[in-house]
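Shown below: input00.cif, with mmCIF, C-alpha atoms; chains and numbers go by the auth columns.
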```
data_work
loop_
_atom_site.group_PDB
_atom_site.id
_atom_site.type_symbol
_atom_site.label_atom_id
_atom_site.label_comp_id
_atom_site.label_asym_id
_atom_site.label_seq_id
_atom_site.Cartn_x
_atom_site.Cartn_y
_atom_site.Cartn_z
_atom_site.B_iso_or_equiv
_atom_site.auth_seq_id
_atom_site.auth_asym_id
ATOM 1 C CA MET A 1 0.000 0.000 0.000 0.00 1290 A
ATOM 2 C CA ALA A 2 1.352 3.466 -0.924 0.00 1291 A
ATOM 3 C CA GLU A 3 2.453 5.728 1.903 0.00 1292 A
ATOM 4 C CA GLN A 4 0.118 8.571 2.818 0.00 1293 A
ATOM 5 C CA ALA A 5 1.412 11.908 1.489 0.00 1294 A
ATOM 6 C CA GLN A 6 1.917 14.506 4.199 0.00 1295 A
ATOM 7 C CA ILE A 7 2.907 17.255 1.751 0.00 1296 A
ATOM 8 C CA GLU A 8 1.345 17.361 -1.728 0.00 1297 A
ATOM 9 C CA ILE A 9 2.819 19.776 -4.243 0.00 1298 A
ATOM 10 C CA ARG A 10 0.224 19.857 -6.988 0.00 1299 A
ATOM 11 C CA HIS A 11 1.309 21.338 -10.325 0.00 1300 A
ATOM 12 C CA VAL A 12 2.777 24.420 -8.671 0.00 1301 A
ATOM 13 C CA SER A 13 3.925 27.330 -10.804 0.00 1302 A
ATOM 14 C CA LYS A 14 5.112 30.725 -9.595 0.00 1303 A
ATOM 15 C CA VAL A 15 5.411 33.888 -11.657 0.00 1304 A
ATOM 16 C CA PHE A 16 6.937 37.079 -10.271 0.00 1305 A
ATOM 17 C CA LYS A 17 5.513 40.156 -11.968 0.00 1306 A
ATOM 18 C CA GLY A 18 8.126 42.662 -13.102 0.00 1307 A
ATOM 19 C CA SER A 19 7.982 46.169 -14.509 0.00 1308 A
ATOM 20 C CA GLY A 20 9.603 44.986 -17.733 0.00 1309 A
ATOM 21 C CA GLN A 21 9.288 41.211 -17.934 0.00 1310 A
ATOM 22 C CA ASP A 22 7.624 38.590 -15.766 0.00 1311 A
ATOM 23 C CA VAL A 23 9.896 35.939 -14.246 0.00 1312 A
ATOM 24 C CA VAL A 24 8.673 32.335 -14.241 0.00 1313 A
ATOM 25 C CA ALA A 25 10.374 30.969 -11.107 0.00 1314 A
ATOM 26 C CA LEU A 26 8.569 27.601 -10.920 0.00 1315 A
ATOM 27 C CA LYS A 27 6.741 25.634 -13.590 0.00 1316 A
ATOM 28 C CA ASP A 28 4.461 22.657 -12.967 0.00 1317 A
ATOM 29 C CA ILE A 29 6.202 21.239 -9.871 0.00 1318 A
ATOM 30 C CA ASP A 30 4.353 18.057 -8.936 0.00 1319 A
ATOM 31 C CA PHE A 31 5.447 15.565 -6.265 0.00 1320 A
ATOM 32 C CA ASN A 32 4.489 14.315 -2.796 0.00 1321 A
ATOM 33 C CA ILE A 33 6.437 13.945 0.445 0.00 1322 A
ATOM 34 C CA SER A 34 5.543 11.196 2.911 0.00 1323 A
ATOM 35 C CA GLU A 35 5.483 11.638 6.678 0.00 1324 A
ATOM 36 C CA GLY A 36 8.917 11.251 8.230 0.00 1325 A
ATOM 37 C CA GLN A 37 10.882 11.637 4.992 0.00 1326 A
ATOM 38 C CA PHE A 38 14.025 13.763 4.734 0.00 1327 A
ATOM 39 C CA VAL A 39 13.887 15.490 1.341 0.00 1328 A
ATOM 40 C CA CYS A 40 16.576 17.793 -0.058 0.00 1329 A
ATOM 41 C CA LEU A 41 15.838 20.329 -2.799 0.00 1330 A
ATOM 42 C CA LEU A 42 19.058 20.591 -4.812 0.00 1331 A
ATOM 43 C CA GLY A 43 20.067 22.882 -7.649 0.00 1332 A
ATOM 44 C CA PRO A 44 21.929 26.060 -8.633 0.00 1333 A
ATOM 45 C CA SER A 45 20.979 29.579 -7.649 0.00 1334 A
ATOM 46 C CA GLY A 46 17.906 30.745 -9.540 0.00 1335 A
ATOM 47 C CA CYS A 47 16.215 27.334 -9.803 0.00 1336 A
ATOM 48 C CA GLY A 48 13.465 28.237 -7.339 0.00 1337 A
ATOM 49 C CA LYS A 49 14.369 26.018 -4.373 0.00 1338 A
ATOM 50 C CA SER A 50 13.668 28.731 -1.810 0.00 1339 A
ATOM 51 C CA THR A 51 10.579 29.851 -3.712 0.00 1340 A
ATOM 52 C CA LEU A 52 9.175 26.322 -3.466 0.00 1341 A
ATOM 53 C CA LEU A 53 10.080 26.103 0.219 0.00 1342 A
ATOM 54 C CA ASN A 54 8.314 29.430 0.851 0.00 1343 A
ATOM 55 C CA ALA A 55 5.220 28.071 -0.893 0.00 1344 A
ATOM 56 C CA ILE A 56 5.209 25.050 1.438 0.00 1345 A
ATOM 57 C CA ALA A 57 5.688 27.393 4.401 0.00 1346 A
ATOM 58 C CA GLY A 58 2.798 29.598 3.281 0.00 1347 A
ATOM 59 C CA PHE A 59 4.950 32.727 2.956 0.00 1348 A
ATOM 60 C CA SER A 60 4.328 32.996 -0.797 0.00 1349 A
ATOM 61 C CA LEU A 61 1.356 31.419 -2.561 0.00 1350 A
ATOM 62 C CA PRO A 62 1.671 29.726 -5.975 0.00 1351 A
ATOM 63 C CA SER A 63 0.489 31.510 -9.100 0.00 1352 A
ATOM 64 C CA GLU A 64 -0.966 28.187 -10.263 0.00 1353 A
ATOM 65 C CA GLY A 65 -1.485 24.875 -8.537 0.00 1354 A
ATOM 66 C CA SER A 66 -1.547 24.292 -4.802 0.00 1355 A
ATOM 67 C CA VAL A 67 0.363 22.983 -1.810 0.00 1356 A
ATOM 68 C CA VAL A 68 -1.580 20.684 0.504 0.00 1357 A
ATOM 69 C CA VAL A 69 -0.291 19.749 3.967 0.00 1358 A
ATOM 70 C CA GLY A 70 -2.123 17.175 6.060 0.00 1359 A
ATOM 71 C CA GLY A 71 -5.083 17.306 3.709 0.00 1360 A
ATOM 72 C CA HIS A 72 -5.478 21.113 3.923 0.00 1361 A
ATOM 73 C CA GLU A 73 -4.446 23.612 1.268 0.00 1362 A
ATOM 74 C CA VAL A 74 -1.698 25.957 2.434 0.00 1363 A
ATOM 75 C CA VAL A 75 -2.854 29.589 2.357 0.00 1364 A
ATOM 76 C CA GLU A 76 -0.678 31.008 5.177 0.00 1365 A
ATOM 77 C CA PRO A 77 2.049 29.975 7.634 0.00 1366 A
ATOM 78 C CA GLY A 78 0.953 27.552 10.338 0.00 1367 A
ATOM 79 C CA PRO A 79 2.197 25.824 13.499 0.00 1368 A
ATOM 80 C CA ASP A 80 2.520 22.502 11.652 0.00 1369 A
ATOM 81 C CA ARG A 81 5.498 23.908 9.680 0.00 1370 A
ATOM 82 C CA GLY A 82 8.584 25.276 11.410 0.00 1371 A
ATOM 83 C CA MET A 83 11.103 27.298 9.366 0.00 1372 A
ATOM 84 C CA VAL A 84 14.871 27.502 9.923 0.00 1373 A
ATOM 85 C CA PHE A 85 16.680 30.162 7.885 0.00 1374 A
ATOM 86 C CA GLN A 86 20.343 30.552 6.960 0.00 1375 A
ATOM 87 C CA GLU A 87 20.411 33.953 8.699 0.00 1376 A
ATOM 88 C CA TYR A 88 19.452 32.492 12.131 0.00 1377 A
ATOM 89 C CA ALA A 89 16.624 35.064 12.638 0.00 1378 A
ATOM 90 C CA LEU A 90 17.186 35.331 16.399 0.00 1379 A
ATOM 91 C CA PHE A 91 16.074 38.213 18.613 0.00 1380 A
ATOM 92 C CA PRO A 92 19.383 39.925 19.475 0.00 1381 A
ATOM 93 C CA TRP A 93 18.032 41.445 22.712 0.00 1382 A
ATOM 94 C CA MET A 94 17.015 38.020 24.081 0.00 1383 A
ATOM 95 C CA THR A 95 19.222 35.390 25.666 0.00 1384 A
ATOM 96 C CA VAL A 96 19.482 31.855 24.297 0.00 1385 A
ATOM 97 C CA GLU A 97 16.826 30.561 26.680 0.00 1386 A
ATOM 98 C CA GLU A 98 14.533 33.516 25.968 0.00 1387 A
ATOM 99 C CA ASN A 99 14.834 32.936 22.214 0.00 1388 A
ATOM 100 C CA ILE A 100 14.084 29.222 22.578 0.00 1389 A
ATOM 101 C CA THR A 101 11.053 29.700 24.840 0.00 1390 A
ATOM 102 C CA PHE A 102 9.600 32.751 23.085 0.00 1391 A
ATOM 103 C CA GLY A 103 6.990 30.811 21.081 0.00 1392 A
ATOM 104 C CA LEU A 104 5.960 28.730 24.076 0.00 1393 A
ATOM 105 C CA LYS A 105 5.365 31.865 26.134 0.00 1394 A
ATOM 106 C CA ILE A 106 3.299 33.394 23.338 0.00 1395 A
ATOM 107 C CA LYS A 107 1.198 30.219 23.388 0.00 1396 A
ATOM 108 C CA LYS A 108 0.887 30.634 27.193 0.00 1397 A
ATOM 109 C CA ALA A 109 2.294 27.186 27.939 0.00 1398 A
ATOM 110 C CA GLU A 110 2.543 26.291 31.615 0.00 1399 A
ATOM 111 C CA PRO A 111 5.838 27.473 33.199 0.00 1400 A
ATOM 112 C CA HIS A 112 6.916 23.987 34.293 0.00 1401 A
ATOM 113 C CA LYS A 113 6.332 22.642 30.784 0.00 1402 A
ATOM 114 C CA ILE A 114 8.334 25.525 29.300 0.00 1403 A
ATOM 115 C CA GLU A 115 11.245 24.763 31.641 0.00 1404 A
ATOM 116 C CA GLU A 116 11.026 21.041 30.908 0.00 1405 A
ATOM 117 C CA LYS A 117 11.123 21.643 27.144 0.00 1406 A
ATOM 118 C CA LEU A 118 13.941 24.180 27.538 0.00 1407 A
ATOM 119 C CA GLN A 119 16.106 21.758 29.499 0.00 1408 A
ATOM 120 C CA GLN A 120 15.523 19.028 26.943 0.00 1409 A
ATOM 121 C CA LEU A 121 16.468 21.257 23.998 0.00 1410 A
ATOM 122 C CA LEU A 122 19.495 22.789 25.709 0.00 1411 A
ATOM 123 C CA LYS A 123 20.819 19.274 26.278 0.00 1412 A
ATOM 124 C CA THR A 124 19.934 17.984 22.790 0.00 1413 A
ATOM 125 C CA LEU A 125 21.626 20.892 21.006 0.00 1414 A
ATOM 126 C CA LYS A 126 24.567 21.253 23.412 0.00 1415 A
ATOM 127 C CA LEU A 127 23.484 24.711 24.583 0.00 1416 A
ATOM 128 C CA THR A 128 23.304 24.179 28.352 0.00 1417 A
ATOM 129 C CA ASP A 129 26.385 26.279 29.107 0.00 1418 A
ATOM 130 C CA PHE A 130 25.143 29.086 26.864 0.00 1419 A
ATOM 131 C CA ARG A 131 21.553 29.530 28.050 0.00 1420 A
ATOM 132 C CA ARG A 132 22.111 33.062 29.386 0.00 1421 A
ATOM 133 C CA ARG A 133 24.285 34.290 26.520 0.00 1422 A
ATOM 134 C CA PHE A 134 23.088 36.728 23.870 0.00 1423 A
ATOM 135 C CA PRO A 135 23.326 35.913 20.146 0.00 1424 A
ATOM 136 C CA LYS A 136 26.165 38.405 19.620 0.00 1425 A
ATOM 137 C CA ASP A 137 28.321 36.325 21.978 0.00 1426 A
ATOM 138 C CA LEU A 138 27.811 33.088 20.023 0.00 1427 A
ATOM 139 C CA SER A 139 29.508 31.571 16.978 0.00 1428 A
ATOM 140 C CA GLY A 140 27.512 31.000 13.795 0.00 1429 A
ATOM 141 C CA GLY A 141 27.132 27.318 14.612 0.00 1430 A
ATOM 142 C CA MET A 142 25.822 28.043 18.108 0.00 1431 A
ATOM 143 C CA ARG A 143 23.363 30.611 16.755 0.00 1432 A
ATOM 144 C CA GLN A 144 22.021 28.049 14.315 0.00 1433 A
ATOM 145 C CA ARG A 145 21.621 25.548 17.154 0.00 1434 A
ATOM 146 C CA VAL A 146 19.493 28.141 18.967 0.00 1435 A
ATOM 147 C CA ALA A 147 17.415 28.745 15.824 0.00 1436 A
ATOM 148 C CA ILE A 148 16.770 24.998 15.455 0.00 1437 A
ATOM 149 C CA ALA A 149 15.911 24.696 19.156 0.00 1438 A
ATOM 150 C CA ARG A 150 13.415 27.564 18.873 0.00 1439 A
ATOM 151 C CA VAL A 151 11.594 25.749 16.062 0.00 1440 A
ATOM 152 C CA LEU A 152 11.692 22.407 17.904 0.00 1441 A
ATOM 153 C CA ALA A 153 10.246 24.007 21.036 0.00 1442 A
ATOM 154 C CA LEU A 154 6.893 24.297 19.254 0.00 1443 A
ATOM 155 C CA ASP A 155 7.130 20.660 18.083 0.00 1444 A
ATOM 156 C CA PRO A 156 5.968 21.093 14.473 0.00 1445 A
ATOM 157 C CA PRO A 157 5.626 17.815 12.536 0.00 1446 A
ATOM 158 C CA ILE A 158 7.351 19.432 9.527 0.00 1447 A
ATOM 159 C CA MET A 159 10.687 21.285 9.540 0.00 1448 A
ATOM 160 C CA LEU A 160 11.504 23.517 6.560 0.00 1449 A
ATOM 161 C CA MET A 161 15.184 24.439 6.338 0.00 1450 A
ATOM 162 C CA ASP A 162 16.551 27.007 3.873 0.00 1451 A
ATOM 163 C CA GLU A 163 20.309 26.376 3.566 0.00 1452 A
ATOM 164 C CA PRO A 164 20.665 26.448 7.361 0.00 1453 A
ATOM 165 C CA PHE A 165 24.336 25.394 7.317 0.00 1454 A
ATOM 166 C CA GLY A 166 25.418 27.279 4.196 0.00 1455 A
ATOM 167 C CA ALA A 167 27.390 29.984 6.035 0.00 1456 A
ATOM 168 C CA LEU A 168 29.239 27.625 8.410 0.00 1457 A
ATOM 169 C CA ASP A 169 32.753 26.216 8.209 0.00 1458 A
ATOM 170 C CA ALA A 170 33.142 22.583 7.134 0.00 1459 A
ATOM 171 C CA LEU A 171 33.683 21.079 10.600 0.00 1460 A
ATOM 172 C CA THR A 172 30.785 22.960 12.214 0.00 1461 A
ATOM 173 C CA ARG A 173 28.600 22.091 9.246 0.00 1462 A
ATOM 174 C CA ARG A 174 29.269 18.348 9.574 0.00 1463 A
ATOM 175 C CA SER A 175 28.679 18.463 13.333 0.00 1464 A
ATOM 176 C CA LEU A 176 25.296 20.139 12.847 0.00 1465 A
ATOM 177 C CA GLN A 177 24.389 17.755 10.025 0.00 1466 A
ATOM 178 C CA ASP A 178 24.952 14.838 12.406 0.00 1467 A
ATOM 179 C CA GLU A 179 22.928 16.516 15.155 0.00 1468 A
ATOM 180 C CA LEU A 180 20.091 17.210 12.713 0.00 1469 A
ATOM 181 C CA LEU A 181 20.055 13.570 11.583 0.00 1470 A
ATOM 182 C CA LYS A 182 19.840 12.431 15.206 0.00 1471 A
ATOM 183 C CA ILE A 183 16.961 14.850 15.895 0.00 1472 A
ATOM 184 C CA TRP A 184 15.186 13.685 12.730 0.00 1473 A
ATOM 185 C CA SER A 185 15.641 10.030 13.676 0.00 1474 A
ATOM 186 C CA ASP A 186 14.578 10.516 17.309 0.00 1475 A
ATOM 187 C CA LEU A 187 11.611 12.852 16.754 0.00 1476 A
ATOM 188 C CA LYS A 188 10.342 11.440 13.430 0.00 1477 A
ATOM 189 C CA LYS A 189 9.986 14.868 11.826 0.00 1478 A
ATOM 190 C CA THR A 190 9.407 15.424 8.127 0.00 1479 A
ATOM 191 C CA VAL A 191 12.259 17.592 6.826 0.00 1480 A
ATOM 192 C CA VAL A 192 12.408 19.616 3.599 0.00 1481 A
ATOM 193 C CA PHE A 193 15.931 20.985 3.273 0.00 1482 A
ATOM 194 C CA VAL A 194 17.256 23.410 0.625 0.00 1483 A
ATOM 195 C CA THR A 195 20.931 23.118 -0.300 0.00 1484 A
ATOM 196 C CA HIS A 196 23.438 23.916 -3.079 0.00 1485 A
ATOM 197 C CA SER A 197 25.768 21.186 -1.782 0.00 1486 A
ATOM 198 C CA ILE A 198 25.580 17.807 -3.524 0.00 1487 A
ATOM 199 C CA GLU A 199 27.559 16.102 -0.761 0.00 1488 A
ATOM 200 C CA GLU A 200 25.287 17.574 1.927 0.00 1489 A
ATOM 201 C CA ALA A 201 22.193 16.366 0.078 0.00 1490 A
ATOM 202 C CA ILE A 202 23.533 12.799 -0.233 0.00 1491 A
ATOM 203 C CA TYR A 203 24.705 12.761 3.393 0.00 1492 A
ATOM 204 C CA LEU A 204 21.312 13.854 4.742 0.00 1493 A
ATOM 205 C CA ALA A 205 18.453 12.891 2.482 0.00 1494 A
ATOM 206 C CA ASP A 206 16.107 9.988 1.789 0.00 1495 A
ATOM 207 C CA ARG A 207 15.247 11.747 -1.468 0.00 1496 A
ATOM 208 C CA ILE A 208 16.962 14.432 -3.507 0.00 1497 A
ATOM 209 C CA VAL A 209 14.746 16.506 -5.788 0.00 1498 A
ATOM 210 C CA VAL A 210 17.076 17.986 -8.424 0.00 1499 A
ATOM 211 C CA MET A 211 15.660 21.188 -9.867 0.00 1500 A
ATOM 212 C CA SER A 212 16.401 22.781 -13.232 0.00 1501 A
ATOM 213 C CA TYR A 213 17.413 26.385 -13.752 0.00 1502 A
ATOM 214 C CA ARG A 214 14.589 28.864 -14.233 0.00 1503 A
ATOM 215 C CA PRO A 215 11.864 28.087 -14.754 0.00 1504 A
ATOM 216 C CA GLY A 216 12.377 25.645 -11.902 0.00 1505 A
ATOM 217 C CA THR A 217 11.088 22.182 -12.698 0.00 1506 A
ATOM 218 C CA VAL A 218 11.840 18.743 -11.269 0.00 1507 A
ATOM 219 C CA LYS A 219 14.752 17.444 -13.350 0.00 1508 A
ATOM 220 C CA LYS A 220 15.049 14.203 -11.369 0.00 1509 A
ATOM 221 C CA ASP A 221 13.671 12.744 -8.128 0.00 1510 A
ATOM 222 C CA VAL A 222 16.423 10.552 -6.689 0.00 1511 A
ATOM 223 C CA HIS A 223 15.788 8.043 -3.894 0.00 1512 A
ATOM 224 C CA VAL A 224 19.002 7.616 -1.900 0.00 1513 A
ATOM 225 C CA GLU A 225 19.440 3.935 -1.060 0.00 1514 A
ATOM 226 C CA ILE A 226 22.852 4.239 0.666 0.00 1515 A
ATOM 227 C CA PRO A 227 22.621 2.829 4.237 0.00 1516 A
ATOM 228 C CA ARG A 228 23.054 5.201 7.190 0.00 1517 A
ATOM 229 C CA PRO A 229 25.365 6.368 8.654 0.00 1518 A
ATOM 230 C CA ARG A 230 26.839 7.449 5.330 0.00 1519 A
ATOM 231 C CA ASN A 231 30.515 7.884 4.567 0.00 1520 A
ATOM 232 C CA PRO A 232 31.470 10.358 1.801 0.00 1521 A
ATOM 233 C CA ALA A 233 34.491 8.144 1.029 0.00 1522 A
ATOM 234 C CA ASP A 234 32.342 5.112 0.136 0.00 1523 A
ATOM 235 C CA PRO A 235 32.173 4.144 -3.556 0.00 1524 A
ATOM 236 C CA ASP A 236 28.340 4.247 -3.661 0.00 1525 A
ATOM 237 C CA PHE A 237 28.394 7.754 -2.181 0.00 1526 A
ATOM 238 C CA ASN A 238 30.892 8.942 -4.795 0.00 1527 A
ATOM 239 C CA ASN A 239 29.083 7.257 -7.677 0.00 1528 A
ATOM 240 C CA LEU A 240 25.882 9.101 -6.771 0.00 1529 A
ATOM 241 C CA LYS A 241 27.849 12.314 -6.264 0.00 1530 A
ATOM 242 C CA ARG A 242 29.236 12.053 -9.822 0.00 1531 A
ATOM 243 C CA GLU A 243 25.779 11.391 -11.255 0.00 1532 A
ATOM 244 C CA LEU A 244 24.225 14.349 -9.438 0.00 1533 A
ATOM 245 C CA SER A 245 27.193 16.607 -10.242 0.00 1534 A
ATOM 246 C CA GLN A 246 26.631 16.120 -13.962 0.00 1535 A
ATOM 247 C CA MET A 247 22.964 17.055 -13.611 0.00 1536 A
ATOM 248 C CA VAL A 248 23.552 20.064 -11.385 0.00 1537 A
ATOM 249 C CA MET A 249 26.514 21.380 -13.416 0.00 1538 A
ATOM 250 C CA ALA A 250 24.409 21.295 -16.582 0.00 1539 A
ATOM 251 C CA GLU A 251 21.900 23.571 -14.830 0.00 1540 A
ATOM 252 C CA GLN A 252 24.693 25.696 -13.340 0.00 1541 A
ATOM 253 C CA ASN A 253 26.051 26.283 -16.848 0.00 1542 A
ATOM 254 C CA ARG A 254 22.609 27.400 -17.988 0.00 1543 A
ATOM 255 C CA PHE A 255 22.472 29.716 -14.964 0.00 1544 A
ATOM 256 C CA GLU A 256 25.863 31.270 -15.797 0.00 1545 A
ATOM 257 C CA GLN A 257 24.935 31.793 -19.424 0.00 1546 A
ATOM 258 C CA ALA A 258 21.613 33.416 -18.640 0.00 1547 A
ATOM 259 C CA THR A 259 20.989 37.004 -17.682 0.00 1548 A
ATOM 260 C CA LEU A 260 21.070 36.805 -13.881 0.00 1549 A
ATOM 261 C CA GLY A 261 17.961 38.005 -12.062 0.00 1550 A
ATOM 262 C CA SER A 262 17.337 38.505 -8.382 0.00 1551 A
ATOM 263 C CA THR A 263 14.018 36.667 -8.164 0.00 1552 A
ATOM 264 C CA GLY A 264 13.267 33.017 -7.630 0.00 1553 A
ATOM 265 C CA ASP A 265 15.827 31.542 -5.199 0.00 1554 A
#
```
Would you mind writing the file out in structure tokens?
Amino acid sequence: MAEQAQIEIRHVSKVFKGSGQDVVALKDIDFNISEGQFVCLLGPSGCGKSTLLNAIAGFSLPSEGSVVVGGHEVVEPGPDRGMVFQEYALFPWMTVEENITFGLKIKKAEPHKIEEKLQQLLKTLKLTDFRRRFPKDLSGGMRQRVAIARVLALDPPIMLMDEPFGALDALTRRSLQDELLKIWSDLKKTVVFVTHSIEEAIYLADRIVVMSYRPGTVKKDVHVEIPRPRNPADPDFNNLKRELSQMVMAEQNRFEQATLGSTGD
């Protein structure tokens, strides 16, 4: 029996109106994501990865088609979808613990439940010694841990992640990738993760949706069969990396040859 789709992307197109020429960012994107899957959207700048993620989040509605989550059409952001951005998006005047518990306090959760959730997340994301620090006193990796903890505090079934590790050094990036995989495995979240990195996509994902340069379409939907934990030195890992590199570089070449715009990704 087929798995029940948690996220249905139904023939989604997105056109950005311009003063001179309209930009078709997405064209007829059509695929489903099952509950608990880890899906990476992969492709060059300008292919519409972030535009598609924003449509799932409810930040930007499709021009045609629809996004359906849990059987309901997405028309606005909702508590069932938590978003983690590359830019951390923390409140600079709040401490780590205040940032993490902000949403729970807005929801008027009971104080003992807020403290219980805080302690759990501080431990999970290795933030216990930093709970009273401000974002300006933290490294990029620590800030991103706080941003992930703030989303997890509200316990959304779906996590949407827009290149969350793109600005981090290689060692910090791998550490956070491993922590994210553990969180995903333990909490059974559905994750939709935007990345430019082929290696990151293979390391993390159950499925890799390779997108073409504008207008963004699904070039290939790749199911990653490599057992976890994955080793980038393994032959199967490198064979898939070569295959995906050829696809992505073809789109990157189209991107470089085109007149670059600022809309779509």
- Query: atom CA of A:Arg1519 and atom CA of A:Pro1333 are how many Å apart?
  - Reply: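 For atom CA of A:Arg1519 relative to atom CA of A:Pro1333, the distance reads 23.8 Å.
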List as a tab-separated table every residue of stretch 1361-1389 of chain A that is in contact with stretch 1411-1416 of chain A, defined as an atom at most 9 Å from one of its atoms (using all atoms listed in the file), together with the nearest atom pair and the distance in Å rounded to one decimal, sorted by chain and then rising number.
```
residue	atom	partner	partner_atom	distance
A:Val1385	CA	A:Leu1416	CA	8.2
A:Glu1386	CA	A:Leu1411	CA	8.3
A:Ile1389	CA	A:Leu1411	CA	9.0
```
Could the residues in this selection be saved with C-alpha atoms as a PDB file, in the frame of the given file?
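Contents of the output file out-v3.pdb:
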```pdb
ATOM      1  CA  VAL A1385      19.482  31.855  24.297  1.00  0.00           C
ATOM      2  CA  GLU A1386      16.826  30.561  26.680  1.00  0.00           C
ATOM      3  CA  ILE A1389      14.084  29.222  22.578  1.00  0.00           C
TER       4      ILE A1389
END
```
Spell out the residues picked by the PyMOL selection byres ((chain A and resi 1424) around 8) here, as a PDB file with C-alpha atoms, in the frame of the given file.
```
ATOM      1  CA  LEU A1379      17.186  35.331  16.399  1.00  0.00           C
ATOM      2  CA  PHE A1380      16.074  38.213  18.613  1.00  0.00           C
ATOM      3  CA  PRO A1381      19.383  39.925  19.475  1.00  0.00           C
ATOM      4  CA  MET A1383      17.015  38.020  24.081  1.00  0.00           C
ATOM      5  CA  THR A1384      19.222  35.390  25.666  1.00  0.00           C
ATOM      6  CA  VAL A1385      19.482  31.855  24.297  1.00  0.00           C
ATOM      7  CA  ARG A1422      24.285  34.290  26.520  1.00  0.00           C
ATOM      8  CA  PHE A1423      23.088  36.728  23.870  1.00  0.00           C
ATOM      9  CA  LYS A1425      26.165  38.405  19.620  1.00  0.00           C
ATOM     10  CA  ASP A1426      28.321  36.325  21.978  1.00  0.00           C
ATOM     11  CA  LEU A1427      27.811  33.088  20.023  1.00  0.00           C
ATOM     12  CA  ARG A1432      23.363  30.611  16.755  1.00  0.00           C
TER      13      ARG A1432
END
```
- Could you spell out the hits of the PyMOL selection byres ((chain A and resi 1410) around 12) on the shown file, as an MDAnalysis selection string? chainID A and resid 1385:1386 1388:1390 1403:1409 1411:1417 1420 1434:1444 1468 1472
- Message: So, with only C-alpha atoms as the atoms that count, which of A:Ile1296, A:Val1480, A:Val1356, A:Ile1497 lies closest to A:Met1450?
- Response: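 Checking each candidate against A:Met1450, we get A:Val1480 as the closest.
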- Task: Give the answer as one residue: which of A:Arg1463, A:Arg1370, A:Arg1503, A:Arg1543 has the shortest atom-to-atom distance to A:Lys1303, using only C-alpha atoms?
- Result: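 Of A:Arg1463, A:Arg1370, A:Arg1503, A:Arg1543, the one nearest A:Lys1303 is A:Arg1503, counting only C-alpha atoms.
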